Structures are given as structure tokens and as C-alpha cells.
>>> print(open('input-v5.csv').read())   # CSV, N, CA and C atoms
chain,number,residue,atom,x,y,z
Z,1,MET,N,19.1,1.1,-35.2
Z,1,MET,CA,18.9,1.9,-33.9
Z,1,MET,C,17.6,2.6,-33.9
Z,2,LEU,N,17.2,3.2,-35.0
Z,2,LEU,CA,15.9,3.9,-35.1
Z,2,LEU,C,14.7,2.9,-34.9
Z,3,LYS,N,14.8,1.7,-35.4
Z,3,LYS,CA,13.8,0.6,-35.2
Z,3,LYS,C,13.7,0.3,-33.7
Z,4,GLU,N,14.9,0.1,-33.1
Z,4,GLU,CA,14.9,-0.2,-31.6
Z,4,GLU,C,14.2,0.9,-30.8
Z,5,PHE,N,14.5,2.2,-31.1
Z,5,PHE,CA,13.8,3.3,-30.4
Z,5,PHE,C,12.3,3.3,-30.7
Z,6,LYS,N,11.9,3.0,-31.9
Z,6,LYS,CA,10.5,3.0,-32.2
Z,6,LYS,C,9.8,1.9,-31.4
Z,7,ASP,N,10.4,0.7,-31.4
Z,7,ASP,CA,9.9,-0.4,-30.6
Z,7,ASP,C,9.8,-0.1,-29.1
Z,8,PHE,N,10.8,0.6,-28.6
Z,8,PHE,CA,10.8,1.0,-27.2
Z,8,PHE,C,9.7,2.0,-26.9
Z,9,ALA,N,9.6,3.0,-27.8
Z,9,ALA,CA,8.6,4.1,-27.6
Z,9,ALA,C,7.2,3.5,-27.7
Z,10,MET,N,6.9,2.5,-28.5
Z,10,MET,CA,5.6,2.0,-28.7
Z,10,MET,C,5.2,0.9,-27.7
Z,11,LYS,N,6.2,0.5,-26.9
Z,11,LYS,CA,5.8,-0.6,-25.9
Z,11,LYS,C,4.9,-0.1,-24.9
Z,12,GLY,N,4.8,1.2,-24.7
Z,12,GLY,CA,3.9,1.8,-23.7
Z,12,GLY,C,4.7,2.4,-22.6
Z,13,ASN,N,5.9,2.1,-22.4
Z,13,ASN,CA,6.7,2.6,-21.3
Z,13,ASN,C,6.8,4.1,-21.5
Z,14,LEU,N,7.3,4.5,-22.6
Z,14,LEU,CA,7.5,6.0,-22.9
Z,14,LEU,C,6.2,6.7,-22.9
Z,15,VAL,N,5.2,6.1,-23.5
Z,15,VAL,CA,3.9,6.8,-23.5
Z,15,VAL,C,3.3,6.9,-22.1
Z,16,ASP,N,3.4,5.9,-21.3
Z,16,ASP,CA,3.0,6.0,-19.9
Z,16,ASP,C,3.7,7.1,-19.1
Z,17,ILE,N,5.0,7.2,-19.4
Z,17,ILE,CA,5.8,8.2,-18.7
Z,17,ILE,C,5.3,9.6,-19.1
Z,18,ALA,N,5.1,9.8,-20.4
Z,18,ALA,CA,4.7,11.1,-21.0
Z,18,ALA,C,3.3,11.5,-20.4
Z,19,VAL,N,2.4,10.5,-20.4
Z,19,VAL,CA,1.0,10.8,-19.9
Z,19,VAL,C,1.1,11.2,-18.4
Z,20,GLY,N,1.9,10.4,-17.6
Z,20,GLY,CA,2.1,10.7,-16.2
Z,20,GLY,C,2.7,12.1,-16.0
Z,21,PHE,N,3.7,12.5,-16.8
Z,21,PHE,CA,4.3,13.8,-16.7
Z,21,PHE,C,3.3,14.9,-16.9
Z,22,VAL,N,2.5,14.8,-18.0
Z,22,VAL,CA,1.5,15.8,-18.3
Z,22,VAL,C,0.5,15.9,-17.2
Z,23,MET,N,0.0,14.8,-16.8
Z,23,MET,CA,-1.0,14.8,-15.7
Z,23,MET,C,-0.4,15.4,-14.4
Z,24,GLY,N,0.8,15.0,-14.1
Z,24,GLY,CA,1.5,15.6,-12.9
Z,24,GLY,C,1.6,17.1,-13.0
Z,25,ALA,N,2.0,17.6,-14.2
Z,25,ALA,CA,2.1,19.1,-14.4
Z,25,ALA,C,0.8,19.8,-14.2
Z,26,ALA,N,-0.3,19.2,-14.8
Z,26,ALA,CA,-1.6,19.8,-14.6
Z,26,ALA,C,-2.1,19.7,-13.2
Z,27,PHE,N,-1.8,18.6,-12.5
Z,27,PHE,CA,-2.2,18.5,-11.1
Z,27,PHE,C,-1.5,19.4,-10.3
Z,28,ASN,N,-0.2,19.7,-10.6
Z,28,ASN,CA,0.6,20.6,-9.8
Z,28,ASN,C,0.0,22.0,-9.8
Z,29,LYS,N,-0.6,22.4,-11.0
Z,29,LYS,CA,-1.2,23.7,-11.1
Z,29,LYS,C,-2.5,23.8,-10.1
Z,30,VAL,N,-3.2,22.7,-10.1
Z,30,VAL,CA,-4.4,22.6,-9.2
Z,30,VAL,C,-4.0,22.7,-7.8
Z,31,VAL,N,-2.9,22.0,-7.4
Z,31,VAL,CA,-2.4,22.0,-6.0
Z,31,VAL,C,-1.9,23.4,-5.7
Z,32,ALA,N,-1.2,24.0,-6.6
Z,32,ALA,CA,-0.6,25.4,-6.4
Z,32,ALA,C,-1.7,26.4,-6.2
Z,33,SER,N,-2.8,26.3,-6.9
Z,33,SER,CA,-3.9,27.2,-6.7
Z,33,SER,C,-4.6,26.9,-5.4
Z,34,PHE,N,-4.7,25.7,-5.0
Z,34,PHE,CA,-5.3,25.3,-3.7
Z,34,PHE,C,-4.4,25.9,-2.6
Z,35,THR,N,-3.1,25.7,-2.7
Z,35,THR,CA,-2.3,26.2,-1.6
Z,35,THR,C,-2.2,27.7,-1.6
Z,36,GLY,N,-2.1,28.3,-2.7
Z,36,GLY,CA,-2.1,29.8,-2.8
Z,36,GLY,C,-3.4,30.4,-2.4
Z,37,GLY,N,-4.5,29.8,-2.8
Z,37,GLY,CA,-5.8,30.4,-2.6
Z,37,GLY,C,-6.5,30.0,-1.3
Z,38,ILE,N,-6.2,28.9,-0.8
Z,38,ILE,CA,-6.9,28.4,0.4
Z,38,ILE,C,-6.0,28.2,1.6
Z,39,VAL,N,-4.9,27.5,1.4
Z,39,VAL,CA,-4.0,27.2,2.6
Z,39,VAL,C,-3.2,28.4,3.0
Z,40,SER,N,-2.6,29.1,2.1
Z,40,SER,CA,-1.8,30.3,2.4
Z,40,SER,C,-2.6,31.4,3.2
Z,41,PRO,N,-3.8,31.7,2.7
Z,41,PRO,CA,-4.6,32.7,3.5
Z,41,PRO,C,-4.9,32.3,4.9
Z,42,LEU,N,-5.2,31.0,5.1
Z,42,LEU,CA,-5.5,30.5,6.4
Z,42,LEU,C,-4.3,30.5,7.3
Z,43,ILE,N,-3.2,30.2,6.8
Z,43,ILE,CA,-1.9,30.3,7.6
Z,43,ILE,C,-1.5,31.7,7.8
Z,44,GLY,N,-1.8,32.5,6.8
Z,44,GLY,CA,-1.5,34.0,6.9
Z,44,GLY,C,-2.3,34.6,8.0
Z,45,LEU,N,-3.5,34.1,8.3
Z,45,LEU,CA,-4.2,34.6,9.5
Z,45,LEU,C,-3.4,34.5,10.8
Z,46,LEU,N,-2.7,33.4,10.9
Z,46,LEU,CA,-1.9,33.2,12.1
Z,46,LEU,C,-0.8,34.3,12.2
Z,47,PHE,N,-0.2,34.7,11.1
Z,47,PHE,CA,0.9,35.7,11.1
Z,47,PHE,C,0.4,37.1,10.8
Z,48,ASN,N,-0.8,37.3,10.5
Z,48,ASN,CA,-1.4,38.6,10.1
Z,48,ASN,C,-0.7,39.2,8.9
Z,49,ALA,N,-0.4,38.3,8.0
Z,49,ALA,CA,0.3,38.7,6.7
Z,49,ALA,C,0.0,37.7,5.7
Z,50,ASP,N,0.3,38.1,4.4
Z,50,ASP,CA,0.2,37.1,3.3
Z,50,ASP,C,1.3,36.1,3.5
Z,51,PHE,N,0.9,34.8,3.5
Z,51,PHE,CA,1.9,33.7,3.8
Z,51,PHE,C,3.1,33.7,2.8
Z,52,LYS,N,2.8,34.0,1.6
Z,52,LYS,CA,3.9,34.0,0.5
Z,52,LYS,C,4.8,35.1,0.7
Z,53,ASP,N,4.4,36.2,1.3
Z,53,ASP,CA,5.2,37.4,1.5
Z,53,ASP,C,6.0,37.4,2.8
Z,54,LEU,N,5.9,36.3,3.6
Z,54,LEU,CA,6.7,36.2,4.8
Z,54,LEU,C,8.2,36.2,4.5
Z,55,LYS,N,9.0,37.0,5.2
Z,55,LYS,CA,10.4,37.0,4.9
Z,55,LYS,C,11.2,37.5,6.1
Z,56,TYR,N,12.4,37.1,6.2
Z,56,TYR,CA,13.3,37.5,7.2
Z,56,TYR,C,14.3,38.5,6.6
Z,57,ILE,N,14.2,39.8,7.0
Z,57,ILE,CA,15.0,40.8,6.4
Z,57,ILE,C,16.4,40.8,7.0
Z,58,ILE,N,17.4,40.7,6.2
Z,58,ILE,CA,18.8,40.7,6.6
Z,58,ILE,C,19.3,42.1,6.6
Z,59,LYS,N,19.0,42.8,5.5
Z,59,LYS,CA,19.4,44.2,5.4
Z,59,LYS,C,18.3,45.0,4.9
Z,60,GLU,N,18.0,46.1,5.6
Z,60,GLU,CA,16.9,47.0,5.2
Z,60,GLU,C,17.2,47.7,3.9
Z,61,GLY,N,16.1,47.9,3.1
Z,61,GLY,CA,16.3,48.6,1.9
Z,61,GLY,C,15.9,50.0,2.0
Z,62,VAL,N,16.0,50.8,1.0
Z,62,VAL,CA,15.7,52.2,1.0
Z,62,VAL,C,14.5,52.4,0.0
Z,63,ALA,N,13.5,53.1,0.5
Z,63,ALA,CA,12.3,53.4,-0.3
Z,63,ALA,C,12.5,54.7,-1.1
Z,64,ASP,N,12.2,54.6,-2.4
Z,64,ASP,CA,12.3,55.8,-3.2
Z,64,ASP,C,11.0,56.6,-3.2
Z,65,ASP,N,10.9,57.7,-4.0
Z,65,ASP,CA,9.7,58.5,-4.0
Z,65,ASP,C,8.4,57.8,-4.4
Z,66,ALA,N,8.6,56.7,-5.2
Z,66,ALA,CA,7.4,56.0,-5.7
Z,66,ALA,C,7.0,54.9,-4.6
Z,67,GLY,N,7.8,54.7,-3.6
Z,67,GLY,CA,7.5,53.7,-2.6
Z,67,GLY,C,8.1,52.4,-2.9
Z,68,LYS,N,8.9,52.3,-3.9
Z,68,LYS,CA,9.6,51.0,-4.2
Z,68,LYS,C,10.9,50.9,-3.4
Z,69,VAL,N,11.0,49.7,-2.7
Z,69,VAL,CA,12.1,49.5,-1.9
Z,69,VAL,C,13.2,48.9,-2.7
Z,70,THR,N,14.4,49.5,-2.6
Z,70,THR,CA,15.6,48.9,-3.3
Z,70,THR,C,16.7,48.7,-2.3
Z,71,GLY,N,17.5,47.7,-2.6
Z,71,GLY,CA,18.7,47.3,-1.8
Z,71,GLY,C,18.3,46.4,-0.6
Z,72,GLU,N,17.1,45.9,-0.6
Z,72,GLU,CA,16.7,45.0,0.6
Z,72,GLU,C,17.3,43.6,0.3
Z,73,VAL,N,17.8,43.0,1.4
Z,73,VAL,CA,18.3,41.6,1.3
Z,73,VAL,C,17.4,40.9,2.3
Z,74,ALA,N,16.7,39.9,1.8
Z,74,ALA,CA,15.8,39.1,2.7
Z,74,ALA,C,15.7,37.7,2.3
Z,75,VAL,N,15.4,36.8,3.3
Z,75,VAL,CA,15.2,35.4,3.0
Z,75,VAL,C,13.7,35.2,2.9
Z,76,MET,N,13.3,34.8,1.7
Z,76,MET,CA,11.8,34.6,1.4
Z,76,MET,C,11.3,33.2,1.9
Z,77,TYR,N,11.2,33.0,3.2
Z,77,TYR,CA,10.8,31.7,3.6
Z,77,TYR,C,9.4,31.4,3.4
Z,78,GLY,N,8.5,32.3,3.3
Z,78,GLY,CA,7.1,32.1,3.1
Z,78,GLY,C,6.8,31.4,1.8
Z,79,GLU,N,7.5,31.9,0.7
Z,79,GLU,CA,7.3,31.3,-0.6
Z,79,GLU,C,7.9,29.9,-0.6
Z,80,PHE,N,9.0,29.7,0.1
Z,80,PHE,CA,9.6,28.4,0.2
Z,80,PHE,C,8.7,27.4,0.9
Z,81,LEU,N,8.1,27.8,2.0
Z,81,LEU,CA,7.2,26.9,2.7
Z,81,LEU,C,6.0,26.6,1.9
Z,82,THR,N,5.5,27.5,1.1
Z,82,THR,CA,4.4,27.3,0.2
Z,82,THR,C,4.7,26.2,-0.8
Z,83,ASN,N,5.9,26.3,-1.4
Z,83,ASN,CA,6.3,25.3,-2.4
Z,83,ASN,C,6.5,23.9,-1.7
Z,84,VAL,N,7.0,23.9,-0.5
Z,84,VAL,CA,7.2,22.6,0.2
Z,84,VAL,C,5.8,22.0,0.5
Z,85,ILE,N,4.8,22.8,0.9
Z,85,ILE,CA,3.4,22.3,1.1
Z,85,ILE,C,2.9,21.8,-0.3
Z,86,ASP,N,3.1,22.5,-1.4
Z,86,ASP,CA,2.7,22.0,-2.7
Z,86,ASP,C,3.3,20.7,-3.0
Z,87,PHE,N,4.6,20.5,-2.8
Z,87,PHE,CA,5.3,19.3,-3.1
Z,87,PHE,C,4.7,18.1,-2.2
Z,88,ILE,N,4.5,18.4,-1.0
Z,88,ILE,CA,4.0,17.3,-0.1
Z,88,ILE,C,2.6,16.8,-0.6
Z,89,ILE,N,1.7,17.8,-0.9
Z,89,ILE,CA,0.4,17.4,-1.4
Z,89,ILE,C,0.5,16.6,-2.7
Z,90,VAL,N,1.3,17.1,-3.7
Z,90,VAL,CA,1.4,16.4,-4.9
Z,90,VAL,C,2.0,15.0,-4.7
Z,91,ALA,N,3.1,14.9,-3.9
Z,91,ALA,CA,3.7,13.6,-3.7
Z,91,ALA,C,2.8,12.6,-3.0
Z,92,PHE,N,2.0,13.1,-2.1
Z,92,PHE,CA,1.0,12.2,-1.4
Z,92,PHE,C,-0.1,11.7,-2.4
Z,93,VAL,N,-0.6,12.6,-3.2
Z,93,VAL,CA,-1.6,12.2,-4.1
Z,93,VAL,C,-1.1,11.3,-5.2
Z,94,MET,N,0.1,11.5,-5.7
Z,94,MET,CA,0.7,10.6,-6.6
Z,94,MET,C,1.0,9.3,-6.0
Z,95,PHE,N,1.4,9.2,-4.7
Z,95,PHE,CA,1.6,8.0,-4.0
Z,95,PHE,C,0.3,7.2,-4.0
Z,96,MET,N,-0.8,7.9,-3.6
Z,96,MET,CA,-2.1,7.2,-3.5
Z,96,MET,C,-2.6,6.7,-4.9
Z,97,ILE,N,-2.3,7.4,-6.0
Z,97,ILE,CA,-2.7,7.0,-7.3
Z,97,ILE,C,-1.9,5.7,-7.7
Z,98,VAL,N,-0.6,5.8,-7.5
Z,98,VAL,CA,0.3,4.6,-7.8
Z,98,VAL,C,-0.2,3.4,-7.0
Z,99,LYS,N,-0.5,3.6,-5.7
Z,99,LYS,CA,-0.9,2.5,-4.8
Z,99,LYS,C,-2.2,2.0,-5.3
Z,100,GLY,N,-3.2,2.8,-5.8
Z,100,GLY,CA,-4.4,2.4,-6.3
Z,100,GLY,C,-4.3,1.6,-7.6
Z,101,VAL,N,-3.4,2.1,-8.5
Z,101,VAL,CA,-3.2,1.4,-9.8
Z,101,VAL,C,-2.5,0.0,-9.5
Z,102,ASN,N,-1.6,0.0,-8.6
Z,102,ASN,CA,-1.0,-1.3,-8.3
Z,102,ASN,C,-2.0,-2.3,-7.7
Z,103,ALA,N,-2.9,-1.8,-6.9
Z,103,ALA,CA,-3.9,-2.7,-6.3
Z,103,ALA,C,-4.9,-3.2,-7.4
Z,104,MET,N,-5.1,-2.4,-8.4
Z,104,MET,CA,-6.1,-2.7,-9.5
Z,104,MET,C,-5.5,-3.7,-10.5
Z,105,LYS,N,-4.2,-3.7,-10.6
Z,105,LYS,CA,-3.5,-4.7,-11.5
Z,105,LYS,C,-3.8,-6.1,-11.0
Z,106,LYS,N,-4.1,-6.9,-12.0
Z,106,LYS,CA,-4.3,-8.3,-11.6
Z,106,LYS,C,-3.0,-8.9,-11.2
Z,107,LYS,N,-3.1,-9.6,-10.1
Z,107,LYS,CA,-1.9,-10.3,-9.6
Z,107,LYS,C,-1.6,-11.5,-10.6
Z,108,GLU,N,-0.4,-11.7,-11.0
Z,108,GLU,CA,-0.1,-12.7,-11.9
Z,108,GLU,C,-0.3,-14.1,-11.2
Z,109,GLU,N,-1.0,-14.9,-12.0
Z,109,GLU,CA,-1.2,-16.3,-11.4
Z,109,GLU,C,0.0,-17.1,-11.6
Z,110,PRO,N,0.4,-17.9,-10.6
Z,110,PRO,CA,1.6,-18.7,-10.8
Z,110,PRO,C,1.4,-19.6,-12.0
Z,111,ALA,N,2.5,-19.8,-12.7
Z,111,ALA,CA,2.4,-20.7,-13.9
Z,111,ALA,C,2.2,-22.1,-13.4
Z,112,PRO,N,1.3,-22.9,-14.1
Z,112,PRO,CA,1.1,-24.2,-13.7
Z,112,PRO,C,2.4,-25.1,-13.8
Z,113,GLU,N,2.5,-25.9,-12.8
Z,113,GLU,CA,3.8,-26.7,-12.8
Z,113,GLU,C,3.8,-27.7,-13.9
Z,114,ALA,N,4.9,-27.9,-14.5
Z,114,ALA,CA,5.0,-28.8,-15.6
Z,114,ALA,C,4.9,-30.2,-15.0
Z,115,PRO,N,4.2,-31.1,-15.7
Z,115,PRO,CA,4.1,-32.5,-15.1
Z,115,PRO,C,5.4,-33.1,-14.9
Z,116,LYS,N,5.6,-33.7,-13.8
Z,116,LYS,CA,6.9,-34.3,-13.4
Z,116,LYS,C,7.0,-35.6,-14.1
Z,117,GLY,N,8.2,-35.8,-14.6
Z,117,GLY,CA,8.5,-37.1,-15.2
Z,117,GLY,C,8.9,-38.2,-14.2
Z,118,PRO,N,9.3,-39.3,-14.7
Z,118,PRO,CA,9.7,-40.3,-13.7
Z,118,PRO,C,11.0,-39.9,-13.0
Z,119,SER,N,11.1,-40.4,-11.8
Z,119,SER,CA,12.2,-40.1,-11.0
Z,119,SER,C,13.5,-40.8,-11.5
Z,120,GLN,N,14.6,-40.4,-11.0
Z,120,GLN,CA,15.9,-41.0,-11.4
Z,120,GLN,C,15.9,-42.5,-11.2
Z,121,GLU,N,15.4,-42.9,-10.0
Z,121,GLU,CA,15.4,-44.4,-9.7
Z,121,GLU,C,14.5,-45.1,-10.7
Z,122,GLU,N,13.4,-44.6,-11.1
Z,122,GLU,CA,12.5,-45.2,-12.0
Z,122,GLU,C,13.1,-45.4,-13.4
Z,123,LEU,N,13.8,-44.3,-13.8
Z,123,LEU,CA,14.5,-44.4,-15.1
Z,123,LEU,C,15.6,-45.4,-15.1
Z,124,LEU,N,16.4,-45.5,-14.0
Z,124,LEU,CA,17.5,-46.5,-13.9
Z,124,LEU,C,16.9,-48.0,-13.9
Z,125,ALA,N,15.7,-48.1,-13.2
Z,125,ALA,CA,15.1,-49.4,-13.2
Z,125,ALA,C,14.6,-49.8,-14.6
Z,126,GLU,N,14.1,-48.8,-15.3
Z,126,GLU,CA,13.7,-49.1,-16.7
Z,126,GLU,C,14.8,-49.5,-17.6
Z,127,ILE,N,15.9,-48.8,-17.4
Z,127,ILE,CA,17.1,-49.1,-18.2
Z,127,ILE,C,17.6,-50.5,-17.9
Z,128,ARG,N,17.6,-50.9,-16.6
Z,128,ARG,CA,18.0,-52.2,-16.1
Z,128,ARG,C,17.2,-53.3,-16.8
Z,129,ASP,N,15.9,-53.0,-16.7
Z,129,ASP,CA,14.9,-54.0,-17.3
Z,129,ASP,C,15.1,-54.1,-18.8
Z,130,LEU,N,15.4,-53.0,-19.5
Z,130,LEU,CA,15.6,-53.1,-20.9
Z,130,LEU,C,16.9,-53.9,-21.2
Z,131,LEU,N,17.9,-53.7,-20.4
Z,131,LEU,CA,19.2,-54.4,-20.6
Z,131,LEU,C,19.1,-55.9,-20.4
Z,132,LYS,N,18.2,-56.3,-19.5
Z,132,LYS,CA,18.0,-57.7,-19.2
Z,132,LYS,C,17.4,-58.4,-20.4
Z,133,LYS,N,16.6,-57.7,-21.2
Z,133,LYS,CA,15.9,-58.4,-22.3
Z,133,LYS,C,16.9,-58.7,-23.4
>>> encode(input="input-v5.csv", output="C-alpha cells")
Amino acid sequence: MLKEFKDFAMKGNLVDIAVGFVMGAAFNKVVASFTGGIVSPLIGLLFNADFKDLKYIIKEGVADDAGKVTGEVAVMYGEFLTNVIDFIIVAFVMFMIVKGVNAMKKKEEPAPEAPKGPSQEELLAEIRDLLKK
């Protein structure tokens, strides 16, 4: 069983998956910084607020002496939308990369056809001729 796993891991499938996972995680950080640093502020201009801080308050909270609000119940839709934008960007770029890699792969050439032997009629005629001798 250990030998089978080693063979599987060394075929390249597992290594390719691991490399793709690490690259995807690193790329996700780049996209998150792009969305958080460039896209969110631009969208925030439309709402006159930080895009990630957009929320729908269901129940108002109470502010204490330090100004900290407690007891507030809110739907944080700005952060959710930011994560959706991140996902769409990452998914699109990964799609383009896979599409590029597939285009770069050499298309398999069809295997040359095996030379055809004599037809059934020719074989029967040969057998007939041999039987006549």
C-alpha cells in the first residue's frame, strides 16, 4: 500500500495539485489586497463609506463611555460582497490560466493505423487454393 501511494504521489498528479494549491493561495492574497486597496475604496466613494464596513443594522447597539458599541446586531453585507468580488477575480484568472495551459499542451497525434491484412474473401480464396493442391 505504501509503494502504491509513493507511485501515485510521484506521478506528478499530487505534486501538480500541491503546486496549484500554493499558487492559488498566494494569488488569493494578491487579489484580496487589490480588492481591499483599490476596488473597495472606489466602490466606497459611491456609498460615502468604507465598502467593507457596509452593513444593515437589525438592532441598534448601545455605546459605552469608551465609544465601543455593544449589543448591535447587523448584517455585514459589505464584507460579503468584497469576498464575492475576490472569488470572481480568482476564479476568472484561474480559468484563463487553465485555458492557456490546455492550449499550450501538444494535441496528441492520432496513432498511425495498423496495416490492414487481407480481407476475409482473400483469405478464403487462399485456403481454397491451398486445398486444391
>>> select_by_dssp(input="input-v5.csv", residues="region 50-96 of chain Z", states="strand (DSSP E)", output="count of residues only")
11
>>> closest_residue(input="input-v5.csv", among="Z:Leu124, Z:Thr82, Z:Glu60, Z:Phe92", to="Gly36 (chain Z)", atoms="all atoms listed in the file")
Z:Thr82
>>> residues_around(input="input-v5.csv", residues="Ala32 (chain Z)", least_positions_apart="6", cutoff="8 Å", atoms="all atoms listed in the file", output="number ranges by chain")
Z: 26, 38, 82-83, 85-87, 90
>>> atom_distance(input="input-v5.csv", atom1="CA of Val62 (chain Z)", atom2="atom N of Val75 (chain Z)")
15.6 Å
>>> closest_atom_pairs(input="input-v5.csv", of="region 74-118 of chain Z", to="region 49-54 of chain Z", cutoff="9 Å", atoms="only C-alpha atoms", output="Markdown table")
| residue | atom | partner | partner_atom | distance |
| --- | --- | --- | --- | --- |
| Z:Val75 | CA | Z:Leu54 | CA | 8.7 |
| Z:Met76 | CA | Z:Leu54 | CA | 6.3 |
| Z:Tyr77 | CA | Z:Leu54 | CA | 6.2 |
| Z:Gly78 | CA | Z:Leu54 | CA | 4.5 |
| Z:Glu79 | CA | Z:Lys52 | CA | 4.5 |
| Z:Phe80 | CA | Z:Lys52 | CA | 8.0 |
| Z:Leu81 | CA | Z:Lys52 | CA | 8.1 |
| Z:Thr82 | CA | Z:Lys52 | CA | 6.7 |
>>> write_last_selection(input="input-v5.csv", atoms="N, CA and C atoms", output="PDB file, in the coordinates of the input")
ATOM      1  N   VAL Z  75      15.400  36.800   3.300  1.00  0.00           N
ATOM      2  CA  VAL Z  75      15.200  35.400   3.000  1.00  0.00           C
ATOM      3  C   VAL Z  75      13.700  35.200   2.900  1.00  0.00           C
ATOM      4  N   MET Z  76      13.300  34.800   1.700  1.00  0.00           N
ATOM      5  CA  MET Z  76      11.800  34.600   1.400  1.00  0.00           C
ATOM      6  C   MET Z  76      11.300  33.200   1.900  1.00  0.00           C
ATOM      7  N   TYR Z  77      11.200  33.000   3.200  1.00  0.00           N
ATOM      8  CA  TYR Z  77      10.800  31.700   3.600  1.00  0.00           C
ATOM      9  C   TYR Z  77       9.400  31.400   3.400  1.00  0.00           C
ATOM     10  N   GLY Z  78       8.500  32.300   3.300  1.00  0.00           N
ATOM     11  CA  GLY Z  78       7.100  32.100   3.100  1.00  0.00           C
ATOM     12  C   GLY Z  78       6.800  31.400   1.800  1.00  0.00           C
ATOM     13  N   GLU Z  79       7.500  31.900   0.700  1.00  0.00           N
ATOM     14  CA  GLU Z  79       7.300  31.300  -0.600  1.00  0.00           C
ATOM     15  C   GLU Z  79       7.900  29.900  -0.600  1.00  0.00           C
ATOM     16  N   PHE Z  80       9.000  29.700   0.100  1.00  0.00           N
ATOM     17  CA  PHE Z  80       9.600  28.400   0.200  1.00  0.00           C
ATOM     18  C   PHE Z  80       8.700  27.400   0.900  1.00  0.00           C
ATOM     19  N   LEU Z  81       8.100  27.800   2.000  1.00  0.00           N
ATOM     20  CA  LEU Z  81       7.200  26.900   2.700  1.00  0.00           C
ATOM     21  C   LEU Z  81       6.000  26.600   1.900  1.00  0.00           C
ATOM     22  N   THR Z  82       5.500  27.500   1.100  1.00  0.00           N
ATOM     23  CA  THR Z  82       4.400  27.300   0.200  1.00  0.00           C
ATOM     24  C   THR Z  82       4.700  26.200  -0.800  1.00  0.00           C
TER      25      THR Z  82
END
>>> closest_atom_pairs(input="input-v5.csv", of="region 39-101 of chain Z", to="region 18-21 of chain Z", cutoff="12 Å", atoms="only C-alpha atoms", output="Markdown table")
| residue | atom | partner | partner_atom | distance |
| --- | --- | --- | --- | --- |
| Z:Met94 | CA | Z:Gly20 | CA | 9.7 |
| Z:Ile97 | CA | Z:Gly20 | CA | 10.8 |
| Z:Val98 | CA | Z:Gly20 | CA | 10.5 |
>>> write_last_selection(input="input-v5.csv", atoms="N, CA and C atoms", output="short mmCIF file (atom, residue, chain, number, x, y, z; two decimals), keeping the file's coordinate frame")
data_model
loop_
_atom_site.label_atom_id
_atom_site.label_comp_id
_atom_site.auth_asym_id
_atom_site.auth_seq_id
_atom_site.Cartn_x
_atom_site.Cartn_y
_atom_site.Cartn_z
N MET Z 94 0.10 11.50 -5.70
CA MET Z 94 0.70 10.60 -6.60
C MET Z 94 1.00 9.30 -6.00
N ILE Z 97 -2.30 7.40 -6.00
CA ILE Z 97 -2.70 7.00 -7.30
C ILE Z 97 -1.90 5.70 -7.70
N VAL Z 98 -0.60 5.80 -7.50
CA VAL Z 98 0.30 4.60 -7.80
C VAL Z 98 -0.20 3.40 -7.00
#
